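Novice: Below is the file model08.cif, which contains mmCIF, C-alpha atoms.
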data_work
loop_
_atom_site.label_atom_id
_atom_site.label_comp_id
_atom_site.auth_asym_id
_atom_site.auth_seq_id
_atom_site.Cartn_x
_atom_site.Cartn_y
_atom_site.Cartn_z
CA MET A 1 87.75 106.75 73.94
CA MET A 2 90.90 105.13 75.32
CA ASN A 3 92.05 108.43 76.74
CA ILE A 4 88.70 109.15 78.36
CA VAL A 5 88.78 105.74 80.05
CA SER A 6 92.36 106.28 81.15
CA GLY A 7 91.59 109.76 82.49
CA CYS A 8 88.56 108.46 84.41
CA ALA A 9 90.64 105.59 85.81
CA GLY A 10 93.23 108.14 87.02
CA LEU A 11 90.47 110.16 88.62
CA ILE A 12 88.87 107.16 90.35
CA PHE A 13 92.31 105.97 91.45
CA GLY A 14 92.90 109.40 93.00
CA PHE A 15 89.50 109.36 94.73
CA GLY A 16 90.40 105.97 96.19
CA LEU A 17 93.75 107.25 97.45
CA LEU A 18 92.09 110.28 99.08
CA LEU A 19 89.20 108.34 100.58
CA SER A 20 91.40 105.55 101.93
CA GLY A 21 93.97 107.82 103.60
CA MET A 22 96.84 106.79 101.29
CA ALA A 23 97.20 110.45 100.27
CA GLN A 24 97.96 111.47 103.88
CA PRO A 25 101.68 110.87 104.47
CA GLU A 26 101.20 110.83 108.25
CA LYS A 27 98.63 108.02 107.96
CA VAL A 28 100.95 105.99 105.73
CA LEU A 29 103.78 106.42 108.24
CA SER A 30 101.47 105.34 111.09
CA PHE A 31 100.70 102.18 109.11
CA LEU A 32 104.42 101.44 108.82
CA ASP A 33 104.98 102.26 112.51
CA VAL A 34 103.97 98.94 114.02
CA ALA A 35 106.03 99.61 117.14
CA GLY A 36 104.41 103.00 117.76
CA VAL A 37 100.76 104.06 117.60
CA TRP A 38 99.76 101.75 114.78
CA ASP A 39 97.10 102.54 112.17
CA PRO A 40 96.32 99.30 110.30
CA SER A 41 93.96 101.08 107.85
CA LEU A 42 96.18 100.63 104.82
CA ALA A 43 95.94 96.87 105.08
CA PHE A 44 92.21 97.36 104.49
CA VAL A 45 92.97 99.51 101.44
CA MET A 46 94.96 96.60 100.03
CA VAL A 47 92.16 94.13 100.78
CA GLY A 48 89.55 96.35 99.10
CA ALA A 49 91.72 96.97 96.05
CA LEU A 50 92.79 93.34 95.66
CA PHE A 51 89.19 92.16 96.00
CA VAL A 52 88.13 94.09 92.88
CA SER A 53 91.29 93.82 90.81
CA SER A 54 91.67 90.05 91.38
CA VAL A 55 88.26 89.48 89.80
CA ALA A 56 89.31 91.68 86.87
CA PHE A 57 92.52 89.70 86.39
CA VAL A 58 90.68 86.39 86.40
CA VAL A 59 88.41 87.73 83.64
CA ALA A 60 91.37 89.23 81.77
CA ARG A 61 93.35 86.00 81.79
CA LYS A 62 90.94 84.41 79.33
CA ARG A 63 91.03 87.31 76.89
CA GLN A 64 93.36 88.08 73.97
CA THR A 65 92.21 91.68 73.63
CA SER A 66 90.65 94.22 75.99
CA LEU A 67 86.95 95.12 75.85
CA LEU A 68 87.90 98.14 73.73
CA GLY A 69 89.93 95.95 71.40
CA CYS A 70 93.43 96.90 72.63
CA SER A 71 96.05 94.17 72.93
CA MET A 72 96.58 92.95 76.49
CA GLN A 73 99.95 94.35 77.57
CA LEU A 74 100.79 92.48 80.72
CA PRO A 75 104.28 92.03 82.14
CA THR A 76 105.89 88.76 81.11
CA ALA A 77 108.99 88.75 83.36
CA LYS A 78 109.10 85.81 85.73
CA LEU A 79 112.57 85.99 87.19
CA VAL A 80 113.04 87.31 90.71
CA ASP A 81 116.41 89.05 90.34
CA GLN A 82 118.67 91.41 92.28
CA LYS A 83 117.29 94.45 90.45
CA LEU A 84 113.74 93.67 91.59
CA VAL A 85 114.78 93.11 95.20
CA LEU A 86 117.24 96.00 95.49
CA GLY A 87 114.96 98.44 93.67
CA SER A 88 111.99 97.54 95.86
CA ILE A 89 114.08 97.88 99.03
CA LEU A 90 115.26 101.36 97.95
CA PHE A 91 111.69 102.33 97.11
CA GLY A 92 110.53 101.16 100.54
CA ILE A 93 113.21 103.25 102.28
CA GLY A 94 111.99 106.35 100.41
CA TRP A 95 108.37 105.42 101.17
CA GLY A 96 109.22 104.99 104.85
CA LEU A 97 111.08 108.31 105.01
CA ALA A 98 108.28 110.47 103.59
CA GLY A 99 105.13 108.33 103.65
CA VAL A 100 104.54 109.04 99.97
CA CYS A 101 104.56 106.67 96.99
CA PRO A 102 104.11 107.59 93.30
CA GLY A 103 100.28 107.56 93.06
CA PRO A 104 99.61 109.72 96.12
CA SER A 105 102.50 112.03 95.17
CA LEU A 106 100.60 113.07 92.03
CA VAL A 107 97.36 113.55 93.96
CA VAL A 108 98.99 115.80 96.57
CA VAL A 109 101.00 117.79 94.03
CA GLY A 110 97.72 118.37 92.16
CA LEU A 111 96.33 119.83 95.38
CA GLY A 112 99.36 122.09 95.73
CA VAL A 113 100.34 120.69 99.14
CA GLU A 114 103.44 122.51 100.38
CA GLY A 115 106.60 120.49 99.76
CA SER A 116 104.91 117.94 97.51
CA GLY A 117 106.41 119.54 94.39
CA LEU A 118 109.91 118.91 95.77
CA PHE A 119 109.11 115.25 96.33
CA VAL A 120 107.66 114.80 92.84
CA LEU A 121 110.56 116.64 91.20
CA ALA A 122 113.07 114.47 93.07
CA MET A 123 111.10 111.36 92.12
CA LEU A 124 111.19 112.31 88.44
CA VAL A 125 114.93 112.97 88.72
CA GLY A 126 115.36 109.55 90.36
CA MET A 127 113.46 107.87 87.53
CA TRP A 128 115.41 109.83 84.95
CA LEU A 129 118.75 108.91 86.55
CA TYR A 130 117.82 105.26 86.32
CA GLN A 131 116.74 105.51 82.71
CA ARG A 132 119.76 107.61 81.74
CA PHE A 133 122.51 105.63 83.41
CA PHE A 134 121.20 102.16 84.16
CA THR A 135 119.29 101.07 81.08
CA ALA A 136 120.22 100.50 77.47
CA PRO A 137 119.03 103.51 75.42
CA SER A 138 116.11 101.70 73.77
CA GLY A 139 113.08 103.91 74.26
CA HIS A 140 110.40 103.07 76.77
CA ALA A 141 111.29 101.52 80.06
CA ALA A 142 109.45 98.35 81.03
CA ASN A 143 105.84 98.84 81.94
CA LYS A 144 104.55 98.02 85.33
CA MET B 145 105.54 94.44 123.44
CA SER B 146 101.92 95.43 123.12
CA ILE B 147 100.39 96.87 119.98
CA ILE B 148 98.70 100.27 120.32
CA ILE B 149 96.03 100.91 117.70
CA SER B 150 95.71 104.49 116.50
CA PRO B 151 92.41 106.35 117.04
CA GLN B 152 92.70 107.26 113.34
CA PHE B 153 92.13 103.62 112.36
CA SER B 154 89.45 103.67 109.64
CA PRO B 155 88.79 100.14 108.40
CA LEU B 156 85.49 100.86 106.65
CA VAL B 157 86.34 104.03 104.78
CA SER B 158 89.78 102.71 103.87
CA SER B 159 88.25 99.52 102.47
CA VAL B 160 85.87 101.60 100.36
CA GLY B 161 88.84 103.67 99.14
CA GLY B 162 90.53 100.39 98.28
CA LEU B 163 87.51 99.33 96.21
CA PHE B 164 87.88 102.55 94.17
CA ILE B 165 91.58 101.80 93.60
CA GLY B 166 90.69 98.26 92.54
CA LEU B 167 88.01 99.61 90.21
CA ALA B 168 90.52 101.93 88.54
CA ALA B 169 92.96 99.04 88.09
CA ALA B 170 90.13 96.88 86.70
CA MET B 171 89.15 99.59 84.19
CA MET B 172 92.71 99.95 82.93
CA LEU B 173 93.06 96.20 82.60
CA LEU B 174 89.72 95.20 81.10
CA LEU B 175 89.17 98.23 78.86
CA LEU B 176 92.73 99.14 77.85
CA GLY B 177 94.66 95.94 78.53
CA ARG B 178 97.12 97.88 80.67
CA ILE B 179 98.54 97.61 84.18
CA ALA B 180 97.61 100.60 86.37
CA GLY B 181 101.14 101.04 87.69
CA VAL B 182 101.74 104.68 88.45
CA SER B 183 105.54 104.63 88.46
CA GLY B 184 105.67 102.84 85.11
CA ILE B 185 103.07 105.12 83.53
CA VAL B 186 104.93 108.25 84.68
CA ALA B 187 108.36 106.89 83.73
CA GLY B 188 107.07 106.12 80.24
CA LEU B 189 106.67 109.85 79.70
CA LEU B 190 110.21 110.79 80.76
CA SER B 191 112.10 109.69 77.68
CA GLY B 192 109.98 111.85 75.40
CA ILE B 193 106.26 111.79 74.70
CA ARG B 194 105.32 109.65 71.72
CA GLN B 195 102.13 109.31 69.77
CA GLY B 196 100.94 106.27 71.70
CA ASP B 197 101.41 108.00 75.05
CA ALA B 198 98.15 109.96 75.27
CA TRP B 199 96.66 107.35 77.63
CA ARG B 200 99.59 107.91 80.00
CA LEU B 201 99.01 111.67 79.98
CA ALA B 202 95.28 111.16 80.53
CA PHE B 203 95.87 108.85 83.52
CA VAL B 204 98.38 111.26 85.10
CA GLY B 205 95.99 114.15 84.39
CA GLY B 206 93.19 112.26 86.16
CA LEU B 207 95.38 111.71 89.22
CA LEU B 208 96.50 115.36 89.28
CA ALA B 209 92.90 116.62 88.99
CA SER B 210 91.44 114.08 91.41
CA GLY B 211 92.02 116.21 94.52
CA TRP B 212 90.23 119.21 93.11
CA ILE B 213 87.25 117.22 91.81
CA PHE B 214 87.10 115.21 95.05
CA SER B 215 86.88 118.50 96.98
CA LEU B 216 83.73 119.44 95.03
CA LEU B 217 81.99 116.24 96.17
CA HIS B 218 83.35 115.51 99.62
CA PRO B 219 85.42 117.36 102.23
CA LEU B 220 89.13 116.81 101.68
CA PRO B 221 91.16 115.18 104.46
CA SER B 222 93.85 117.43 105.92
CA ILE B 223 97.07 116.72 104.04
CA GLN B 224 100.56 117.91 104.96
CA MET B 225 103.95 116.57 104.02
CA ALA B 226 105.27 114.77 107.09
CA VAL B 227 108.98 115.65 106.78
CA SER B 228 111.24 118.61 105.96
CA PRO B 229 112.43 119.49 102.42
CA PRO B 230 115.83 117.73 102.53
CA TRP B 231 114.10 114.48 103.54
CA LEU B 232 111.43 114.97 100.86
CA ILE B 233 114.18 115.27 98.25
CA LEU B 234 116.05 112.19 99.47
CA ALA B 235 112.81 110.20 99.71
CA GLY B 236 111.70 111.30 96.24
CA LEU B 237 115.02 110.26 94.70
CA LEU B 238 114.83 106.84 96.36
CA VAL B 239 111.19 106.34 95.33
CA GLY B 240 111.87 107.36 91.73
CA PHE B 241 115.07 105.37 91.30
CA GLY B 242 113.90 102.38 93.32
CA THR B 243 110.58 101.96 91.51
CA ARG B 244 112.38 101.95 88.15
CA LEU B 245 115.09 99.53 89.25
CA GLY B 246 112.41 97.31 90.81
CA SER B 247 109.95 97.80 87.89
CA GLY B 248 107.01 98.95 89.96
CA CYS B 249 105.51 100.55 93.04
CA THR B 250 102.57 100.07 95.40
CA SER B 251 100.06 100.09 92.53
CA GLY B 252 101.87 98.05 89.87
CA HIS B 253 103.33 95.41 92.20
CA GLY B 254 101.18 95.80 95.33
CA VAL B 255 97.74 95.88 93.69
CA CYS B 256 97.97 94.71 90.07
CA GLY B 257 100.88 92.29 90.47
CA ILE B 258 99.54 90.52 93.54
CA SER B 259 96.06 90.20 92.03
CA ARG B 260 97.46 88.42 89.00
CA GLY B 261 99.50 86.16 91.25
CA SER B 262 102.90 87.36 90.03
CA VAL B 263 105.69 85.93 92.18
CA ARG B 264 107.92 88.90 91.24
CA SER B 265 105.29 91.33 92.52
CA ILE B 266 104.74 89.40 95.76
CA VAL B 267 108.51 89.47 96.40
CA ALA B 268 108.69 93.18 95.48
CA THR B 269 105.80 94.04 97.81
CA LEU B 270 107.38 92.12 100.71
CA CYS B 271 110.65 93.99 100.03
CA PHE B 272 109.22 97.51 100.00
CA MET B 273 106.84 96.84 102.90
CA GLY B 274 109.76 95.36 104.84
CA SER B 275 112.20 98.17 104.13
CA GLY B 276 109.45 100.74 104.79
CA LEU B 277 108.73 99.19 108.20
CA VAL B 278 112.43 99.07 109.07
CA THR B 279 112.95 102.68 107.92
CA VAL B 280 110.09 103.99 110.05
CA PHE B 281 111.29 101.94 113.00
CA ILE B 282 114.80 103.39 112.71
CA VAL B 283 113.58 106.97 112.23
CA ARG B 284 110.99 106.89 115.02
CA HIS B 285 112.38 104.49 117.59
CA VAL B 286 116.16 104.32 117.17
CA PHE B 287 117.05 107.97 116.57
CA HIS B 288 114.37 109.31 118.91
#
Translate the structure described by the file into structure tokens.

Specialist:
Amino acid sequence: MMNIVSGCAGLIFGFGLLLSGMAQPEKVLSFLDVAGVWDPSLAFVMVGALFVSSVAFVVARKRQTSLLGCSMQLPTAKLVDQKLVLGSILFGIGWGLAGVCPGPSLVVVGLGVEGSGLFVLAMLVGMWLYQRFFTAPSGHAANK
Amino acid sequence: MSIIISPQFSPLVSSVGGLFIGLAAAMMLLLLGRIAGVSGIVAGLLSGIRQGDAWRLAFVGGLLASGWIFSLLHPLPSIQMAVSPPWLILAGLLVGFGTRLGSGCTSGHGVCGISRGSVRSIVATLCFMGSGLVTVFIVRHVFH
């Protein structure tokens, strides 16, 4: 059951990315190009997504377990540190160069878009490099 | 400086896409007790697939299949990578490494983190939005 829910969530997530334009790198780059011909659409994607997920988080806050009885595994870190800031800045540079972030990258590679496999492969290598050389070898990296 | 709005601006359809993304995040949270953060879910599979990882595979599978299933229901938008292979590789490395160092991407920090009011996620989102804006500005308006 858990896996069916998770698979459906992945599917609906992908539909949302395709519908909203997040899966079109050129549209993402136009959103980030405030000084050029600006496409503010992605701000509306954020508003739509936050509208639904905020309600879910308010409901979730009062619960010890999920509706399917799983434990709630939410991040507990509170500290804003250099890793968070530097990592997010590096991610943003990559996002600004190609107009692709992790969710859309999987949608476009699933569609076989030319060049998307290179991006995803490089992304996996980037993640692996971090896990191999910058974390203590203790299994799963932090969830987020 | 005046702002030029793109003719591609699609507030309505992008908001609806956002609602789908929010719904997927809400499903993961309320049913499975998990954060729908794509970079974290993918990275969790890189250090070897364990017994408890089926939900990760299912979510990634849903994202990969979403384009094909979407195309059966609705015309697909036209999707091309926006930059050449060397840039895709550099961008992918930065996205992969950066999202691990910063513990999240657009979905985990931008959608889930902000909706649960996480200060870390708000800072992370400002950082990657900021560096994304600066990167696009440099690429499109400084070197052109």

Novice: Need the shell around region 193-203 of chain B: protein/DNA/RNA residues with any atom at most 9 Å away, counting all atoms listed in the file. Skip same-chain ones fewer than 3 positions apart. Format as a VMD selection string?

Specialist: (chain A and resid 2 to 11) or (chain B and resid 180 182 185 to 186 188 to 190 206 to 208)

Novice: Just the residues within 6 Å of region 160-171 of chain B, please, counting all atoms listed in the file, with nothing from its chain fewer than 3 positions along; format it as a PDB file with C-alpha atoms, keeping the file's coordinate frame.

Specialist:
ATOM      1  CA  ALA A   9      90.640 105.590  85.810  1.00  0.00           C
ATOM      2  CA  ILE A  12      88.870 107.160  90.350  1.00  0.00           C
ATOM      3  CA  PHE A  13      92.310 105.970  91.450  1.00  0.00           C
ATOM      4  CA  GLY A  16      90.400 105.970  96.190  1.00  0.00           C
ATOM      5  CA  LEU A  19      89.200 108.340 100.580  1.00  0.00           C
ATOM      6  CA  SER A  20      91.400 105.550 101.930  1.00  0.00           C
ATOM      7  CA  VAL A  45      92.970  99.510 101.440  1.00  0.00           C
ATOM      8  CA  GLY A  48      89.550  96.350  99.100  1.00  0.00           C
ATOM      9  CA  ALA A  49      91.720  96.970  96.050  1.00  0.00           C
ATOM     10  CA  VAL A  52      88.130  94.090  92.880  1.00  0.00           C
ATOM     11  CA  SER A  53      91.290  93.820  90.810  1.00  0.00           C
ATOM     12  CA  ALA A  56      89.310  91.680  86.870  1.00  0.00           C
TER      13      ALA A  56
ATOM     14  CA  VAL B 157      86.340 104.030 104.780  1.00  0.00           C
ATOM     15  CA  LEU B 174      89.720  95.200  81.100  1.00  0.00           C
ATOM     16  CA  LEU B 175      89.170  98.230  78.860  1.00  0.00           C
ATOM     17  CA  ALA B 180      97.610 100.600  86.370  1.00  0.00           C
TER      18      ALA B 180
END

Novice: Neighbours of Met22 (chain A) within 9 Å (all atoms listed in the file; same-chain residues fewer than 3 positions away dropped), as a PyMOL selection string?

Specialist: (chain A and resi 16-19+25+27-28+42+45+99-101+103-104) or (chain B and resi 158+161)

Novice: Let me know the residues the PyMOL selection byres ((chain A and resi 113) around 12) catches in the file above, as a list in words.

Specialist: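 Here the PyMOL selection byres ((chain A and resi 113) around 12) matches Ala23, Gln24, Pro25, Pro104, Ser105, Leu106, Val107, Val108, Val109, Gly110, Leu111, Gly112, Glu114, Gly115, Ser116, Gly117, Leu118, Phe119 and Val120 of chain A; Leu208, Gly211, Trp212, Pro221, Ser222, Ile223, Gln224, Met225 and Ala226 of chain B.
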
Novice: Could I get the residues of region 173-231 of chain B with an atom no further than 12 Å from an atom of region 260-284 of chain B, each paired with its nearest atom pair and that distance in Å to one decimal, using only C-alpha atoms, sorted by chain and residue number, as JSON lines?

Specialist:
{"residue": "B:Leu173", "atom": "CA", "partner": "B:Arg260", "partner_atom": "CA", "distance": 11.0}
{"residue": "B:Ile179", "atom": "CA", "partner": "B:Arg260", "partner_atom": "CA", "distance": 10.4}
{"residue": "B:Gly181", "atom": "CA", "partner": "B:Ser265", "partner_atom": "CA", "distance": 11.6}
{"residue": "B:Val227", "atom": "CA", "partner": "B:Val283", "partner_atom": "CA", "distance": 11.2}
{"residue": "B:Trp231", "atom": "CA", "partner": "B:Val283", "partner_atom": "CA", "distance": 11.5}

Novice: Which is closest to Leu237 (chain B) among A:Cys70, A:Ile93, A:Val85, A:Ala122, if we use all atoms listed in the file?

Specialist: A:Ala122

Novice: One decimal, in Å: what's the spacing between CA of Gly252 (chain B) and CA of Ser183 (chain B)?

Specialist: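 These atoms are spaced 7.7 Å apart.
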
Novice: For Gln64 (chain A), list every protein, DNA or RNA residue within 10 Å, evaluated using all atoms listed in the file, and leave out those in the same chain fewer than 6 positions away; present the list as number ranges by chain.

Specialist: A: 70-73; B: 177

Novice: Reconstruct N, CA and C atoms of region 109-139 of chain A; output as a short mmCIF file (atom, residue, chain, number, x, y, z; two decimals), in the frame of the given file.

Specialist:
data_model
loop_
_atom_site.label_atom_id
_atom_site.label_comp_id
_atom_site.auth_asym_id
_atom_site.auth_seq_id
_atom_site.Cartn_x
_atom_site.Cartn_y
_atom_site.Cartn_z
N VAL A 109 100.41 116.68 94.79
CA VAL A 109 101.00 117.79 94.03
C VAL A 109 99.88 118.51 93.26
N GLY A 110 98.87 117.76 92.83
CA GLY A 110 97.72 118.37 92.16
C GLY A 110 96.94 119.29 93.08
N LEU A 111 97.00 119.00 94.38
CA LEU A 111 96.33 119.83 95.38
C LEU A 111 97.21 121.00 95.82
N GLY A 112 98.44 121.02 95.36
CA GLY A 112 99.36 122.09 95.73
C GLY A 112 99.83 122.03 97.18
N VAL A 113 99.88 120.83 97.75
CA VAL A 113 100.34 120.69 99.14
C VAL A 113 101.81 121.12 99.24
N GLU A 114 102.10 121.96 100.23
CA GLU A 114 103.44 122.51 100.38
C GLU A 114 104.49 121.40 100.52
N GLY A 115 105.52 121.47 99.70
CA GLY A 115 106.60 120.49 99.76
C GLY A 115 106.40 119.31 98.82
N SER A 116 105.16 119.11 98.35
CA SER A 116 104.91 117.94 97.51
C SER A 116 105.60 118.07 96.15
N GLY A 117 105.74 119.32 95.67
CA GLY A 117 106.41 119.54 94.39
C GLY A 117 107.87 119.09 94.44
N LEU A 118 108.52 119.34 95.59
CA LEU A 118 109.91 118.91 95.77
C LEU A 118 110.02 117.40 95.67
N PHE A 119 109.09 116.72 96.35
CA PHE A 119 109.11 115.25 96.33
C PHE A 119 108.94 114.75 94.90
N VAL A 120 107.95 115.29 94.19
CA VAL A 120 107.66 114.80 92.84
C VAL A 120 108.84 115.09 91.90
N LEU A 121 109.41 116.29 92.04
CA LEU A 121 110.56 116.64 91.20
C LEU A 121 111.71 115.66 91.45
N ALA A 122 111.99 115.41 92.73
CA ALA A 122 113.07 114.47 93.07
C ALA A 122 112.76 113.08 92.55
N MET A 123 111.49 112.68 92.62
CA MET A 123 111.10 111.36 92.12
C MET A 123 111.34 111.26 90.62
N LEU A 124 110.97 112.32 89.89
CA LEU A 124 111.19 112.31 88.44
C LEU A 124 112.68 112.27 88.13
N VAL A 125 113.48 113.00 88.92
CA VAL A 125 114.93 112.97 88.72
C VAL A 125 115.45 111.55 88.98
N GLY A 126 114.95 110.92 90.05
CA GLY A 126 115.36 109.55 90.36
C GLY A 126 115.05 108.59 89.22
N MET A 127 113.85 108.73 88.66
CA MET A 127 113.46 107.87 87.53
C MET A 127 114.34 108.15 86.32
N TRP A 128 114.60 109.43 86.09
CA TRP A 128 115.41 109.83 84.95
C TRP A 128 116.83 109.30 85.09
N LEU A 129 117.39 109.41 86.31
CA LEU A 129 118.75 108.91 86.55
C LEU A 129 118.84 107.43 86.21
N TYR A 130 117.81 106.68 86.62
CA TYR A 130 117.82 105.26 86.32
C TYR A 130 117.80 105.03 84.81
N GLN A 131 116.88 105.73 84.15
CA GLN A 131 116.74 105.51 82.71
C GLN A 131 117.98 105.98 81.94
N ARG A 132 118.61 107.04 82.44
CA ARG A 132 119.76 107.61 81.74
C ARG A 132 121.01 106.76 81.90
N PHE A 133 121.22 106.28 83.12
CA PHE A 133 122.51 105.63 83.41
C PHE A 133 122.45 104.13 83.62
N PHE A 134 121.26 103.58 83.80
CA PHE A 134 121.20 102.16 84.16
C PHE A 134 120.42 101.31 83.18
N THR A 135 119.97 101.89 82.08
CA THR A 135 119.29 101.07 81.08
C THR A 135 119.92 101.31 79.72
N ALA A 136 119.78 100.33 78.85
CA ALA A 136 120.22 100.50 77.47
C ALA A 136 119.31 101.55 76.82
N PRO A 137 119.85 102.45 76.00
CA PRO A 137 119.03 103.51 75.42
C PRO A 137 118.10 102.99 74.33
N SER A 138 117.01 102.31 74.76
CA SER A 138 116.11 101.70 73.77
C SER A 138 114.67 102.12 74.01
N GLY A 139 114.46 103.42 74.16
CA GLY A 139 113.08 103.91 74.26
C GLY A 139 112.43 103.60 75.59
#
